[in-house]
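Text of the file structure.txt, holding compact mmCIF, C-alpha atoms and all ligand atoms:
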```txt
# COMPACT_ATOMS: atom_id res chain seq x y z
CA MET A 1 12.93 -9.25 -28.88
CA PHE A 2 9.95 -9.35 -26.53
CA PHE A 3 10.78 -6.07 -24.75
CA GLU A 4 11.20 -4.24 -28.08
CA ARG A 5 7.77 -5.51 -29.11
CA ALA A 6 6.33 -4.38 -25.77
CA LYS A 7 7.89 -0.91 -26.13
CA ALA A 8 6.20 -0.52 -29.50
CA VAL A 9 2.84 -1.07 -27.84
CA PHE A 10 3.04 0.26 -24.26
CA PRO A 11 4.76 3.45 -23.02
CA GLY A 12 8.12 2.24 -21.68
CA GLY A 13 7.05 -1.30 -22.55
CA VAL A 14 4.88 -1.71 -19.43
CA ASN A 15 1.46 -0.87 -18.05
CA SER A 16 2.61 0.53 -14.71
CA PRO A 17 5.96 2.25 -14.13
CA ALA A 18 7.16 0.13 -11.17
CA ARG A 19 7.17 -2.92 -13.48
CA ALA A 20 9.82 -1.40 -15.73
CA LEU A 21 12.74 -2.51 -13.47
CA LYS A 22 14.97 0.08 -15.10
CA HIS A 23 18.15 -1.21 -13.44
CA LEU A 24 17.80 -4.44 -15.45
CA PRO A 25 18.23 -4.79 -19.22
CA ALA A 26 14.54 -5.70 -19.55
CA PRO A 27 11.49 -6.10 -17.29
CA LEU A 28 10.63 -9.55 -15.97
CA VAL A 29 7.96 -11.42 -17.89
CA ALA A 30 5.57 -13.47 -15.76
CA LYS A 31 4.24 -16.86 -16.84
CA SER A 32 2.43 -18.09 -13.74
CA ALA A 33 2.53 -17.94 -9.95
CA SER A 34 1.90 -20.33 -7.09
CA GLY A 35 2.46 -20.16 -3.33
CA PRO A 36 5.58 -18.05 -2.66
CA TYR A 37 6.83 -18.38 -6.24
CA LEU A 38 6.61 -16.38 -9.43
CA HIS A 39 7.45 -18.30 -12.60
CA THR A 40 9.09 -15.90 -15.03
CA ASP A 41 11.33 -15.69 -18.07
CA ARG A 42 14.17 -15.59 -15.49
CA GLY A 43 13.03 -18.86 -13.94
CA ARG A 44 11.34 -19.58 -10.63
CA LEU A 45 11.65 -16.72 -8.14
CA VAL A 46 10.64 -16.44 -4.49
CA ASP A 47 8.36 -13.42 -4.62
CA TYR A 48 8.73 -10.66 -2.00
CA CYS A 49 6.94 -8.05 -4.07
CA LEU A 50 3.66 -10.02 -4.01
CA ALA A 51 1.99 -7.65 -6.47
CA PHE A 52 3.08 -4.70 -4.31
CA GLY A 53 1.37 -6.17 -1.30
CA ALA A 54 -1.87 -7.44 -2.84
CA VAL A 55 -1.20 -11.10 -2.01
CA ILE A 56 -1.21 -12.38 1.57
CA LEU A 57 -2.32 -16.02 1.34
CA GLY A 58 0.27 -16.89 -1.31
CA HIS A 59 -0.21 -16.93 -5.08
CA ASN A 60 -2.99 -18.97 -6.65
CA HIS A 61 -4.43 -19.96 -3.28
CA PRO A 62 -7.12 -22.64 -3.66
CA ALA A 63 -9.62 -20.82 -1.42
CA VAL A 64 -9.56 -17.78 -3.71
CA ARG A 65 -9.36 -19.77 -6.94
CA GLU A 66 -12.36 -21.92 -6.00
CA ALA A 67 -14.44 -18.95 -4.82
CA VAL A 68 -13.77 -17.14 -8.10
CA ALA A 69 -14.58 -20.29 -10.11
CA ARG A 70 -17.88 -20.67 -8.25
CA GLN A 71 -18.73 -17.06 -9.03
CA LEU A 72 -17.88 -17.50 -12.72
CA GLU A 73 -20.39 -20.37 -12.90
CA ARG A 74 -23.11 -17.85 -12.01
CA GLY A 75 -22.00 -15.12 -14.40
CA TRP A 76 -19.66 -12.37 -13.34
CA ILE A 77 -21.35 -9.02 -13.62
CA TYR A 78 -24.85 -7.86 -12.78
CA ALA A 79 -24.55 -4.20 -11.74
CA LEU A 80 -27.11 -4.94 -9.04
CA LEU A 81 -26.87 -5.50 -5.30
CA THR A 82 -25.76 -9.02 -4.26
CA GLU A 83 -25.91 -11.02 -1.03
CA GLU A 84 -22.16 -11.59 -1.20
CA GLU A 85 -21.27 -7.91 -1.31
CA LEU A 86 -23.44 -7.32 1.75
CA GLU A 87 -21.73 -10.16 3.59
CA PHE A 88 -18.37 -8.72 2.54
CA GLY A 89 -19.33 -5.22 3.70
CA GLU A 90 -20.54 -6.58 7.04
CA GLY A 91 -17.21 -8.39 7.38
CA ILE A 92 -15.29 -5.15 6.86
CA LYS A 93 -17.45 -3.41 9.45
CA ARG A 94 -16.89 -6.21 11.96
CA HIS A 95 -13.14 -5.72 11.98
CA THR A 96 -12.75 -1.96 11.66
CA SER A 97 -14.19 1.28 13.04
CA ILE A 98 -16.08 1.81 9.76
CA ASP A 99 -19.88 2.28 10.05
CA LYS A 100 -20.58 2.45 6.31
CA LEU A 101 -18.51 1.89 3.20
CA ARG A 102 -18.48 2.09 -0.60
CA ILE A 103 -16.68 -0.52 -2.68
CA VAL A 104 -14.80 0.72 -5.74
CA ASN A 105 -12.09 -0.77 -7.96
CA SER A 106 -8.68 0.43 -6.83
CA GLY A 107 -6.83 2.15 -4.04
CA THR A 108 -6.57 5.20 -6.27
CA GLU A 109 -10.34 5.43 -6.58
CA ALA A 110 -10.73 4.90 -2.85
CA THR A 111 -8.46 7.81 -1.85
CA MET A 112 -9.86 10.06 -4.58
CA ASN A 113 -13.38 9.52 -3.27
CA ALA A 114 -12.35 9.83 0.37
CA VAL A 115 -10.77 13.23 -0.30
CA ARG A 116 -13.79 14.40 -2.31
CA LEU A 117 -16.07 13.24 0.49
CA ALA A 118 -14.00 15.03 3.14
CA ARG A 119 -14.18 18.22 1.11
CA GLY A 120 -17.92 17.81 0.56
CA TYR A 121 -18.59 17.08 4.22
CA THR A 122 -16.48 19.90 5.67
CA LYS A 123 -17.26 22.34 2.83
CA ARG A 124 -13.54 23.20 2.84
CA ASP A 125 -11.01 22.74 0.04
CA VAL A 126 -7.47 22.30 1.34
CA ILE A 127 -5.94 18.98 2.37
CA ILE A 128 -2.59 18.03 3.88
CA LYS A 129 -0.63 15.00 2.74
CA PHE A 130 2.81 13.90 3.86
CA ASP A 131 6.10 13.80 2.03
CA GLY A 132 6.87 10.22 1.05
CA ASN A 133 3.29 8.96 1.43
CA PHE A 134 1.65 7.62 -1.72
CA HIS A 135 -2.10 7.52 -2.17
CA GLY A 136 -2.46 6.48 -5.81
CA SER A 137 -2.20 8.33 -9.07
CA HIS A 138 -4.91 10.99 -9.11
CA ASP A 139 -4.44 14.74 -9.11
CA TYR A 140 -5.40 15.46 -5.48
CA VAL A 141 -2.54 13.44 -4.02
CA LEU A 142 0.15 13.15 -6.70
CA ILE A 143 1.97 15.98 -5.01
CA LYS A 144 5.32 15.83 -3.28
CA ALA A 145 7.38 17.98 -0.97
CA GLY A 146 10.31 19.91 -2.32
CA SER A 147 13.07 21.09 -0.03
CA GLY A 148 12.09 22.91 3.13
CA ALA A 149 9.75 21.88 5.91
CA ALA A 150 6.45 22.34 4.14
CA THR A 151 5.85 22.93 0.50
CA TRP A 152 2.81 24.01 -1.38
CA GLY A 153 1.84 21.41 -3.89
CA ILE A 154 4.61 20.72 -6.32
CA PRO A 155 3.07 18.10 -8.62
CA THR A 156 4.91 14.82 -9.03
CA SER A 157 3.43 14.54 -12.50
CA ALA A 158 3.10 16.81 -15.49
CA GLY A 159 -0.50 17.53 -16.35
CA ILE A 160 -1.70 18.44 -12.84
CA PRO A 161 -3.03 22.01 -12.97
CA GLN A 162 -1.42 24.41 -10.47
CA GLU A 163 -4.92 25.38 -9.43
CA VAL A 164 -5.47 21.80 -8.23
CA ALA A 165 -1.99 21.30 -6.77
CA LYS A 166 -2.25 24.38 -4.59
CA LEU A 167 -5.14 22.80 -2.72
CA THR A 168 -2.79 20.12 -1.37
CA ALA A 169 -0.23 21.13 1.25
CA VAL A 170 2.64 18.78 2.01
CA ALA A 171 4.13 18.26 5.47
CA PRO A 172 7.07 16.08 6.58
CA TYR A 173 6.15 12.58 7.82
CA ASN A 174 6.77 11.75 11.48
CA ASP A 175 7.49 15.41 12.33
CA THR A 176 4.80 16.58 14.74
CA ASN A 177 5.93 20.19 15.09
CA ALA A 178 6.22 20.75 11.35
CA PHE A 179 2.78 19.21 10.83
CA LEU A 180 1.21 21.37 13.54
CA LYS A 181 2.63 24.48 11.93
CA VAL A 182 1.22 23.63 8.49
CA ALA A 183 -2.15 22.65 9.97
CA ARG A 184 -2.45 25.75 12.18
CA ASP A 185 -1.50 28.06 9.33
CA LEU A 186 -4.39 26.57 7.36
CA GLY A 187 -6.78 26.66 10.33
CA GLU A 188 -10.38 26.47 9.24
CA ARG A 189 -9.47 26.10 5.58
CA LEU A 190 -8.30 22.53 6.30
CA ALA A 191 -10.73 19.88 5.03
CA ALA A 192 -8.69 16.77 5.76
CA VAL A 193 -5.35 15.18 6.45
CA ILE A 194 -4.60 11.99 4.56
CA LEU A 195 -1.77 9.71 5.62
CA GLU A 196 -0.41 6.20 5.60
CA PRO A 197 -0.45 5.15 9.26
CA ILE A 198 2.61 3.05 8.41
CA ALA A 199 4.50 4.51 5.47
CA ALA A 200 4.96 1.66 2.99
CA ASN A 201 5.60 3.49 -0.25
CA PHE A 202 8.92 5.09 0.58
CA GLY A 203 10.47 1.94 1.80
CA LEU A 204 8.89 0.93 5.09
CA ILE A 205 8.89 3.70 7.71
CA PRO A 206 7.35 2.89 11.09
CA PRO A 207 5.23 5.73 12.44
CA ASP A 208 6.02 7.66 15.58
CA VAL A 209 2.80 6.88 17.46
CA GLU A 210 2.90 10.28 19.20
CA PHE A 211 2.92 11.85 15.73
CA LEU A 212 -0.19 9.86 14.74
CA LYS A 213 -1.93 10.91 17.95
CA ALA A 214 -1.04 14.57 17.37
CA VAL A 215 -2.47 14.41 13.85
CA ARG A 216 -5.67 12.88 15.26
CA GLU A 217 -6.01 15.55 17.94
CA GLU A 218 -5.23 18.50 15.71
CA THR A 219 -7.60 17.48 12.92
CA SER A 220 -10.42 17.11 15.48
CA ARG A 221 -9.57 20.48 16.99
CA LEU A 222 -9.68 22.19 13.59
CA GLY A 223 -12.89 20.44 12.52
CA ALA A 224 -11.04 18.66 9.71
CA LEU A 225 -11.27 14.95 8.90
CA LEU A 226 -8.51 12.41 9.36
CA ILE A 227 -8.20 9.86 6.53
CA PHE A 228 -6.07 6.77 7.15
CA ASP A 229 -4.95 5.32 3.85
CA GLU A 230 -4.73 1.64 4.73
CA VAL A 231 -4.55 0.38 1.15
CA VAL A 232 -1.35 -1.46 2.11
CA THR A 233 -1.74 -1.93 5.87
CA GLY A 234 -5.45 -2.80 5.93
CA PHE A 235 -5.93 -6.53 6.62
CA ARG A 236 -2.15 -6.95 6.35
CA VAL A 237 -0.94 -5.89 9.79
CA GLY A 238 -3.97 -7.64 11.30
CA LEU A 239 -7.72 -7.78 10.68
CA GLY A 240 -8.13 -4.33 12.22
CA GLY A 241 -5.29 -2.76 10.23
CA ALA A 242 -2.97 -0.08 11.56
CA GLN A 243 -5.84 1.82 13.19
CA SER A 244 -6.35 -0.96 15.71
CA LEU A 245 -2.61 -1.68 16.01
CA TYR A 246 -2.09 1.88 17.24
CA GLY A 247 -5.52 2.42 18.78
CA ILE A 248 -6.39 5.52 16.74
CA LYS A 249 -9.78 6.08 15.16
CA PRO A 250 -9.72 8.05 11.91
CA ASP A 251 -12.87 9.56 10.40
CA LEU A 252 -12.40 7.83 7.05
CA ILE A 253 -10.31 4.83 5.99
CA THR A 254 -9.34 3.50 2.59
CA PHE A 255 -8.56 -0.14 1.79
CA GLY A 256 -7.43 -2.07 -1.29
CA LYS A 257 -4.82 -4.70 -2.19
CA VAL A 258 -5.04 -7.59 0.36
CA ILE A 259 -8.82 -7.43 0.77
CA GLY A 260 -9.37 -8.02 -2.96
CA GLY A 261 -7.43 -11.29 -2.89
CA GLY A 262 -5.45 -10.14 -5.94
CA PHE A 263 -8.49 -8.86 -7.87
CA PRO A 264 -9.19 -5.14 -8.37
CA ILE A 265 -10.75 -3.50 -5.33
CA GLY A 266 -10.82 -0.29 -3.35
CA ILE A 267 -12.93 0.64 -0.34
CA PHE A 268 -13.59 3.92 1.39
CA GLY A 269 -15.62 4.07 4.55
CA GLY A 270 -15.96 5.67 7.92
CA ARG A 271 -18.36 7.40 10.25
CA GLY A 272 -21.99 6.88 9.26
CA GLU A 273 -22.94 10.58 9.16
CA ILE A 274 -20.02 11.27 6.79
CA MET A 275 -20.68 8.26 4.55
CA ASP A 276 -24.34 9.25 4.29
CA MET A 277 -23.10 12.22 2.25
CA VAL A 278 -22.25 9.78 -0.58
CA ALA A 279 -24.68 9.43 -3.51
CA PRO A 280 -27.44 8.31 -3.68
CA SER A 281 -28.07 9.18 -0.03
CA GLY A 282 -26.11 12.46 -0.23
CA PRO A 283 -24.60 15.05 -2.58
CA VAL A 284 -21.03 13.69 -2.93
CA TYR A 285 -20.92 11.73 -6.14
CA ASN A 286 -19.40 8.32 -6.63
CA ALA A 287 -20.48 5.73 -9.17
CA GLY A 288 -18.87 2.88 -11.11
CA THR A 289 -19.90 0.18 -13.57
CA TYR A 290 -17.54 -2.22 -11.83
CA ASN A 291 -18.06 -1.11 -8.22
CA ALA A 292 -18.25 -4.20 -5.95
CA HIS A 293 -17.45 -6.45 -8.89
CA PRO A 294 -18.72 -9.97 -8.08
CA VAL A 295 -15.35 -11.61 -8.86
CA SER A 296 -13.45 -9.24 -6.56
CA ILE A 297 -16.08 -9.73 -3.87
CA ALA A 298 -15.84 -13.54 -4.16
CA ALA A 299 -12.04 -13.33 -3.87
CA GLY A 300 -12.24 -10.80 -1.05
CA LEU A 301 -14.68 -12.90 0.98
CA ALA A 302 -12.46 -15.96 0.54
CA VAL A 303 -9.43 -13.99 1.81
CA LEU A 304 -11.40 -12.58 4.73
CA ARG A 305 -12.48 -16.08 5.81
CA GLU A 306 -8.88 -17.31 5.72
CA LEU A 307 -7.65 -14.25 7.62
CA GLU A 308 -10.29 -14.80 10.30
CA LYS A 309 -8.71 -18.21 11.03
CA GLY A 310 -5.59 -16.43 12.32
CA TYR A 311 -2.90 -18.70 10.87
CA VAL A 312 -2.12 -16.34 7.99
CA TYR A 313 -0.77 -13.60 10.23
CA THR A 314 1.19 -16.05 12.39
CA SER A 315 2.90 -17.58 9.35
CA ALA A 316 3.48 -14.45 7.27
CA ASP A 317 4.67 -12.35 10.23
CA GLN A 318 7.00 -15.05 11.47
CA ALA A 319 8.58 -15.42 8.02
CA ALA A 320 9.17 -11.65 7.82
CA ARG A 321 10.67 -11.56 11.33
CA LYS A 322 13.08 -14.42 10.59
CA LEU A 323 14.09 -12.83 7.29
CA ALA A 324 14.66 -9.41 8.85
CA GLU A 325 16.89 -10.90 11.56
CA GLY A 326 18.69 -13.22 9.17
CA ILE A 327 19.37 -10.54 6.56
CA GLY A 328 20.67 -8.16 9.24
CA ASP A 329 23.12 -10.84 10.45
CA ILE A 330 24.27 -11.74 6.93
CA ALA A 331 24.86 -8.08 6.03
CA GLU A 332 26.82 -7.49 9.22
CA ARG A 333 29.03 -10.53 8.62
CA ALA A 334 29.64 -9.32 5.07
CA GLY A 335 30.72 -5.91 6.45
CA PHE A 336 27.82 -3.75 5.24
CA ASP A 337 26.02 -1.06 7.22
CA VAL A 338 22.42 -2.04 6.85
CA VAL A 339 19.17 -1.05 8.58
CA VAL A 340 16.32 -3.57 8.35
CA LYS A 341 12.81 -2.42 9.25
CA GLN A 342 10.03 -4.95 9.78
CA ILE A 343 6.40 -4.64 10.84
CA SER A 344 4.13 -7.70 10.63
CA SER A 345 4.55 -9.22 7.16
CA MET A 346 6.41 -6.22 5.71
CA PHE A 347 10.12 -5.48 5.71
CA GLN A 348 12.71 -3.36 3.95
CA ILE A 349 16.49 -3.20 3.83
CA TYR A 350 18.43 0.07 3.67
CA PHE A 351 22.12 0.47 3.04
CA LYS A 352 22.94 3.10 5.62
CA ARG A 353 24.25 3.67 9.13
CA GLY A 354 22.04 4.79 11.99
CA ASP A 355 18.29 4.41 11.65
CA VAL A 356 15.38 5.03 9.30
CA LYS A 357 12.67 7.22 10.79
CA THR A 358 11.79 9.64 8.00
CA PRO A 359 11.62 9.76 4.20
CA GLN A 360 14.83 11.78 4.31
CA ASP A 361 16.60 8.83 5.98
CA VAL A 362 15.47 6.65 3.07
CA ARG A 363 16.77 9.18 0.53
CA GLU A 364 20.13 9.05 2.28
CA SER A 365 20.37 5.26 1.88
CA ASP A 366 22.55 3.80 -0.87
CA GLU A 367 20.03 3.08 -3.60
CA LYS A 368 22.67 1.76 -6.02
CA LEU A 369 23.71 -0.94 -3.58
CA TYR A 370 20.07 -1.95 -3.06
CA LEU A 371 19.57 -2.31 -6.81
CA LYS A 372 22.78 -4.31 -7.10
CA LEU A 373 21.53 -6.61 -4.35
CA HIS A 374 18.21 -6.90 -6.17
CA GLU A 375 19.94 -7.95 -9.36
CA LYS A 376 22.25 -10.46 -7.63
CA LEU A 377 19.30 -12.03 -5.82
CA LEU A 378 17.48 -12.62 -9.09
CA LYS A 379 20.41 -14.82 -10.11
CA TYR A 380 19.83 -16.88 -6.95
CA GLY A 381 16.07 -17.16 -7.37
CA VAL A 382 14.74 -14.32 -5.19
CA TYR A 383 12.64 -11.39 -6.38
CA LEU A 384 12.99 -8.57 -3.88
CA ALA A 385 10.81 -5.45 -4.12
CA PRO A 386 12.43 -3.66 -7.07
CA SER A 387 13.45 -0.45 -5.24
CA GLN A 388 14.46 0.70 -1.75
CA TYR A 389 11.42 2.98 -2.08
CA GLU A 390 9.08 -0.03 -2.14
CA THR A 391 8.31 -2.53 0.62
CA ASN A 392 8.87 -6.29 0.73
CA PHE A 393 5.98 -8.51 1.74
CA THR A 394 5.60 -12.09 2.93
CA SER A 395 2.57 -14.36 2.65
CA ALA A 396 1.26 -17.36 4.56
CA SER A 397 3.21 -19.55 2.13
CA HIS A 398 6.58 -17.94 2.90
CA PRO A 399 7.76 -19.82 6.02
CA GLU A 400 8.77 -22.73 3.76
CA VAL A 401 11.15 -20.52 1.73
CA VAL A 402 12.87 -18.54 4.48
CA GLU A 403 15.96 -20.78 4.57
CA GLU A 404 16.30 -20.85 0.79
CA THR A 405 15.98 -17.06 0.73
CA LEU A 406 18.63 -16.52 3.40
CA ALA A 407 20.99 -18.85 1.51
CA ALA A 408 20.46 -16.65 -1.58
CA PHE A 409 21.21 -13.53 0.49
CA GLU A 410 24.47 -15.13 1.74
CA LYS A 411 25.61 -15.64 -1.84
CA ALA A 412 24.40 -12.25 -3.07
CA PHE A 413 26.09 -10.30 -0.23
CA ARG A 414 29.35 -12.10 -0.94
CA GLU A 415 29.24 -10.72 -4.49
CA LEU A 416 28.23 -7.14 -3.65
C1 LIG A 501 -1.00 3.48 0.45
C2 LIG A 501 -1.53 3.37 -0.94
N1 LIG A 501 -2.63 4.05 -1.28
C3 LIG A 501 -3.17 3.97 -2.51
C4 LIG A 501 -2.59 3.19 -3.49
C5 LIG A 501 -3.20 3.09 -4.85
O1 LIG A 501 -3.79 1.85 -4.99
P1 LIG A 501 -4.04 1.21 -6.45
O2 LIG A 501 -2.70 0.87 -7.00
O3 LIG A 501 -4.92 0.02 -6.19
O4 LIG A 501 -4.74 2.26 -7.24
C6 LIG A 501 -1.43 2.48 -3.20
C7 LIG A 501 -0.78 1.65 -4.23
O5 LIG A 501 0.37 1.26 -4.14
C8 LIG A 501 -0.90 2.56 -1.89
O6 LIG A 501 0.21 1.88 -1.55
```
Here is a file; write its structure as structure tokens.
Ligand SMILES: Cc1ncc(COP(=O)(O)O)c(C=O)c1O
Amino acid sequence: MFFERAKAVFPGGVNSPARALKHLPAPLVAKSASGPYLHTDRGRLVDYCLAFGAVILGHNHPAVREAVARQLERGWIYALLTEEELEFGEGIKRHTSIDKLRIVNSGTEATMNAVRLARGYTKRDVIIKFDGNFHGSHDYVLIKAGSGAATWGIPTSAGIPQEVAKLTAVAPYNDTNAFLKVARDLGERLAAVILEPIAANFGLIPPDVEFLKAVREETSRLGALLIFDEVVTGFRVGLGGAQSLYGIKPDLITFGKVIGGGFPIGIFGGRGEIMDMVAPSGPVYNAGTYNAHPVSIAAGLAVLRELEKGYVYTSADQAARKLAEGIGDIAERAGFDVVVKQISSMFQIYFKRGDVKTPQDVRESDEKLYLKLHEKLLKYGVYLAPSQYETNFTSASHPEVVEETLAAFEKAFREL
């Protein structure tokens, strides 16, 4: 069987853990993708995972495909400066508060370099991250909170040295007082605070804007840097990302996913004087054979041009809004307590009473019911994000499948 073969080659049979879909007998196997659909060994599925948020135009969009094909005609790697990467960089600057940026290959690389840069710039070592925020899979940030308000780095992964983990403090998300306590205890040891301005890796948790403002003020007061990790929200909640949605200017920002058009990309950037610390103009090292890869740049520029037309956000956001409302109604009629959170083209469903404001609220939701819903929906042709701890996404091609999706939800809820 295919999965047995895969397990003999890849740990757990997959190349990234979230693809394992452990609540199913075997992971899904993809064949192709177009518009809102994934074509898999389980048939055609409306895709709400969208490569964990990397796709916003819809799969296999002609603008991206043609841009990539044109690049391939001219060769695909030079390891030299190109006109296209400059145009791309200028585009990023136009829409964000970034003065200068460096283009790398993944969100993980982007946050790793942003943290290193913050430490190099401030000449301090300790950072704060928040419980339930995910910043990729490197040692600085693969740290979670245990019980209690603030925890000193308990690694989420084996293999992270205690010496490294203890340089990352963890504070509770959306809890201003708890954050202020952790930050003030650290005082002038604090190099940076890194956070997702909208938490999208522990389900979808809208930020308390007063909390974001307090983090901005306190980091400035302590002479520490504020890093917004917009790998998910950048270019998804609008061209200016969450920073412009909430009117807060961080010192450094990281991007990825959407702005690579489905090809590998990561970006870190920010205030000019900080970015000038990056090699070769400064002492903080970053380098990469594939940095600003021409294929990713071609795809990214194509996405940026589509996003600048405006229709993408109108369509994708409207689809998510209709789905969030429709799913809430269906769940209520079926007699389930459900909370649906939606921001722009992102939404998530929680089986719980009350509200979802913190990671703890997500933990208290009924995960088993979510997974059951996920499995039932597959039967009716819908691929929901495979965990309540992930976020669902829509693309510009989703308005056409809203009705079909809600019909699938009707059937699935009836069988829960
Ligand atoms: C907020 C955030 N930061 C960083 C990352 C890491 O990005 P990548 O998977 O491209 O390494 C992710 C990935 O899910 C993310 O959601």
Show me which residues are within 10 Å of ligand LIG 501 (chain A) counting only C-alpha atoms and all ligand atoms, and format the list as a PyMOL selection string. chain A and resi 16+18+51-54+104-112+133-138+141+195-202+228-234+254-257+260+263-267+390-391
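Atom pair CA of Arg44 (chain A) / CA of Ala299 (chain A) has a distance of 25.1 Å (rounded to one decimal).
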Which residue is closest to His293 (chain A)? Choose from A:Trp76, A:Phe413, A:Tyr311, A:Phe179 and count only C-alpha atoms. A:Trp76
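What separates CA of Leu45 (chain A) from CA of Ile327 (chain A) is a distance of 17.7 Å.
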Can you list, as number ranges by chain, every protein, DNA or RNA residue that comes within 10 Å of Met346 (chain A) when you count all atoms listed in the file, leaving out same-chain residues fewer than 5 positions away? A: 48-49, 53, 200, 203-204, 232-233, 236-237, 316-317, 319-321, 324, 341, 391-395
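Of the residues under consideration (A:Leu378, A:Val295, A:Gly35, A:Thr40), A:Val295 shows the shortest atom-to-atom contact distance to Ala69 (chain A) when counting only C-alpha atoms.
With all atoms listed in the file as the basis for measurement, A:Leu222 is the residue among A:Ala214, A:Leu222, A:Ile274, A:Val164 that approaches Arg184 (chain A) most closely.
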Taking into account all atoms listed in the file, which residue in the set A:Leu101, A:Leu38, A:Leu190, A:Ala171 is nearest to Asn60 (chain A)? A:Leu38
What does the distance between CA of Ile253 (chain A) and CA of Val284 (chain A) come to in Å, to one decimal place? 16.5 Å
